[in-house]
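Chemist: Provided below: query30.txt, containing compact mmCIF, C-alpha atoms and all ligand atoms.
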```txt
# COMPACT_ATOMS: atom_id res chain seq x y z
CA MET A 1 -0.90 19.66 23.92
CA SER A 2 -1.65 17.26 21.17
CA VAL A 3 0.26 14.15 20.52
CA GLU A 4 1.72 14.05 17.10
CA VAL A 5 2.97 10.92 15.47
CA ARG A 6 5.67 11.67 12.99
CA TYR A 7 6.87 9.34 10.33
CA GLN A 8 10.09 11.00 9.52
CA ALA A 9 12.43 8.31 10.70
CA CYS A 10 12.90 6.97 7.23
CA THR A 11 11.14 8.04 4.08
CA ALA A 12 11.78 6.64 0.65
CA HIS A 13 11.65 9.08 -2.23
CA CYS A 14 11.23 8.13 -5.83
CA ASP A 15 14.13 9.42 -7.91
CA TYR A 16 11.92 9.81 -10.97
CA CYS A 17 8.91 11.61 -9.50
CA ASP A 18 7.65 13.08 -6.26
CA ASN A 19 6.28 9.89 -4.79
CA SER A 20 7.32 9.02 -1.28
CA LEU A 21 6.84 6.06 0.98
CA TYR A 22 6.35 6.96 4.63
CA GLY A 23 6.20 5.01 7.81
CA ALA A 24 9.40 3.02 7.94
CA ALA A 25 11.08 2.81 11.31
CA ASP A 26 14.56 2.61 9.90
CA ARG A 27 16.46 2.10 6.70
CA ARG A 28 16.11 -1.65 6.73
CA ASP A 29 12.40 -1.39 7.35
CA ALA A 30 12.13 1.09 4.52
CA LEU A 31 13.79 -1.26 2.07
CA GLN A 32 11.42 -4.04 3.07
CA MET A 33 8.40 -1.77 2.75
CA MET A 34 9.56 -0.62 -0.66
CA ARG A 35 9.93 -4.17 -1.87
CA GLN A 36 6.46 -5.07 -0.63
CA ALA A 37 4.96 -1.99 -2.23
CA GLY A 38 6.51 -2.81 -5.58
CA TRP A 39 9.35 -0.30 -5.58
CA GLU A 40 12.60 -1.12 -7.26
CA ARG A 41 16.17 -0.23 -6.43
CA ARG A 42 18.45 0.18 -9.36
CA LYS A 43 22.14 0.93 -9.53
CA VAL A 44 22.94 3.57 -12.09
CA ASP A 45 26.44 4.97 -12.36
CA SER A 46 27.38 3.57 -8.96
CA GLU A 47 24.41 5.32 -7.41
CA TRP A 48 21.27 3.66 -6.12
CA LEU A 49 18.02 4.97 -7.51
CA ASP A 50 14.68 4.24 -5.91
CA ILE A 51 11.81 3.91 -8.33
CA CYS A 52 8.15 3.85 -7.36
CA PRO A 53 5.60 1.47 -8.92
CA ASP A 54 4.07 4.33 -10.92
CA CYS A 55 7.33 5.06 -12.66
CA LEU A 56 8.03 1.38 -13.21
CA PHE A 57 4.63 1.11 -14.86
CA GLU A 58 5.31 4.17 -16.99
CA GLU A 59 8.61 2.70 -18.00
CA LYS A 60 7.02 -0.57 -19.05
CA PHE A 61 3.82 0.61 -20.64
CA GLY A 62 4.40 4.31 -21.13
CA GLU A 63 5.68 6.31 -24.04
CA GLY A 64 8.41 3.80 -24.78
CA SER A 65 6.18 1.59 -26.90
CA ASP A 66 5.40 2.55 -30.46
CA GLY A 67 2.53 0.15 -30.91
CA ALA A 68 -1.11 1.12 -30.46
ZN ZN B 1 8.10 7.62 -9.23
```
Any chance you could give the structure as C-alpha cells?
Modeler:
Amino acid sequence: MSVEVRYQACTAHCDYCDNSLYGAADRRDALQMMRQAGWERRKVDSEWLDICPDCLFEEKFGEGSDGA
C-alpha cells in the first residue's frame, strides 16, 4: 500500500478562472496562504469572491486599458 498525502482539507478556488491554491490545513490557513500568494478577497453582492493573482493582473493590465 502506498501512502498518499492529500491536500483536500481546504482548497481555494479562483472565482474568475480555474486556478486553485492547494495545501491549506484549514480555512484560516487558506486565507493566510491566499494573502501571501497575492490573492484577493472581494465582496460582491454580499458574496465573497476569491481572485487569483493572474486575474488581478488581467484586471489591472488586461483588456481594460485602451492605451498602447
Ligand atoms: Zn483567476
Chemist: Expressed in Å to a single decimal, how great is the separation between CA of Ala24 (chain A) and CA of Asp50 (chain A)?
Modeler: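 Atom-to-atom, CA of Ala24 (chain A) to CA of Asp50 (chain A), that is 14.9 Å.
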Chemist: Throw together the list of residues within 12 Å of ligand ZN 1 (chain B), counting all atoms listed in the file, and drop it here as a ChimeraX atom specification.
Modeler: /A:12-21,34,38-41,49-59
Chemist: Write the residues of the selection above to a file with C-alpha atoms, as an mmCIF file, keeping the file's coordinate frame.
Modeler:
```cif
data_model
loop_
_atom_site.group_PDB
_atom_site.id
_atom_site.type_symbol
_atom_site.label_atom_id
_atom_site.label_comp_id
_atom_site.auth_asym_id
_atom_site.auth_seq_id
_atom_site.Cartn_x
_atom_site.Cartn_y
_atom_site.Cartn_z
ATOM 1 C CA ALA A 12 11.780 6.640 0.650
ATOM 2 C CA HIS A 13 11.650 9.080 -2.230
ATOM 3 C CA CYS A 14 11.230 8.130 -5.830
ATOM 4 C CA ASP A 15 14.130 9.420 -7.910
ATOM 5 C CA TYR A 16 11.920 9.810 -10.970
ATOM 6 C CA CYS A 17 8.910 11.610 -9.500
ATOM 7 C CA ASP A 18 7.650 13.080 -6.260
ATOM 8 C CA ASN A 19 6.280 9.890 -4.790
ATOM 9 C CA SER A 20 7.320 9.020 -1.280
ATOM 10 C CA LEU A 21 6.840 6.060 0.980
ATOM 11 C CA MET A 34 9.560 -0.620 -0.660
ATOM 12 C CA GLY A 38 6.510 -2.810 -5.580
ATOM 13 C CA TRP A 39 9.350 -0.300 -5.580
ATOM 14 C CA GLU A 40 12.600 -1.120 -7.260
ATOM 15 C CA ARG A 41 16.170 -0.230 -6.430
ATOM 16 C CA LEU A 49 18.020 4.970 -7.510
ATOM 17 C CA ASP A 50 14.680 4.240 -5.910
ATOM 18 C CA ILE A 51 11.810 3.910 -8.330
ATOM 19 C CA CYS A 52 8.150 3.850 -7.360
ATOM 20 C CA PRO A 53 5.600 1.470 -8.920
ATOM 21 C CA ASP A 54 4.070 4.330 -10.920
ATOM 22 C CA CYS A 55 7.330 5.060 -12.660
ATOM 23 C CA LEU A 56 8.030 1.380 -13.210
ATOM 24 C CA PHE A 57 4.630 1.110 -14.860
ATOM 25 C CA GLU A 58 5.310 4.170 -16.990
ATOM 26 C CA GLU A 59 8.610 2.700 -18.000
#
```
Chemist: Do you have the CA of Leu31 (chain A)-CA of Lys43 (chain A) distance handy?
Modeler: 14.5 Å
Chemist: Using only C-alpha atoms for the distances, tell me which of A:Ala30, A:Ala37, A:Ala25, A:Val44 is nearest to Ala9 (chain A).
Modeler: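 Checking each candidate against Ala9 (chain A), we get A:Ala25 as the closest.
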Chemist: Can you report as JSON the centre and edge lengths in Å, to one decimal, of an axis-aligned box around the listed atoms of region 13-30 of chain A padded with 4 Å on each side?
Modeler:
```
{"center_x": 11.3, "center_y": 5.7, "center_z": 0.2, "size_x": 18.3, "size_y": 22.7, "size_z": 30.3}
```
Chemist: Could you check how far CA of Cys10 (chain A) sits from CA of Asp29 (chain A), in Å to one decimal?
Modeler: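 Answer for the CA of Cys10 (chain A) to CA of Asp29 (chain A) separation: 8.4 Å.
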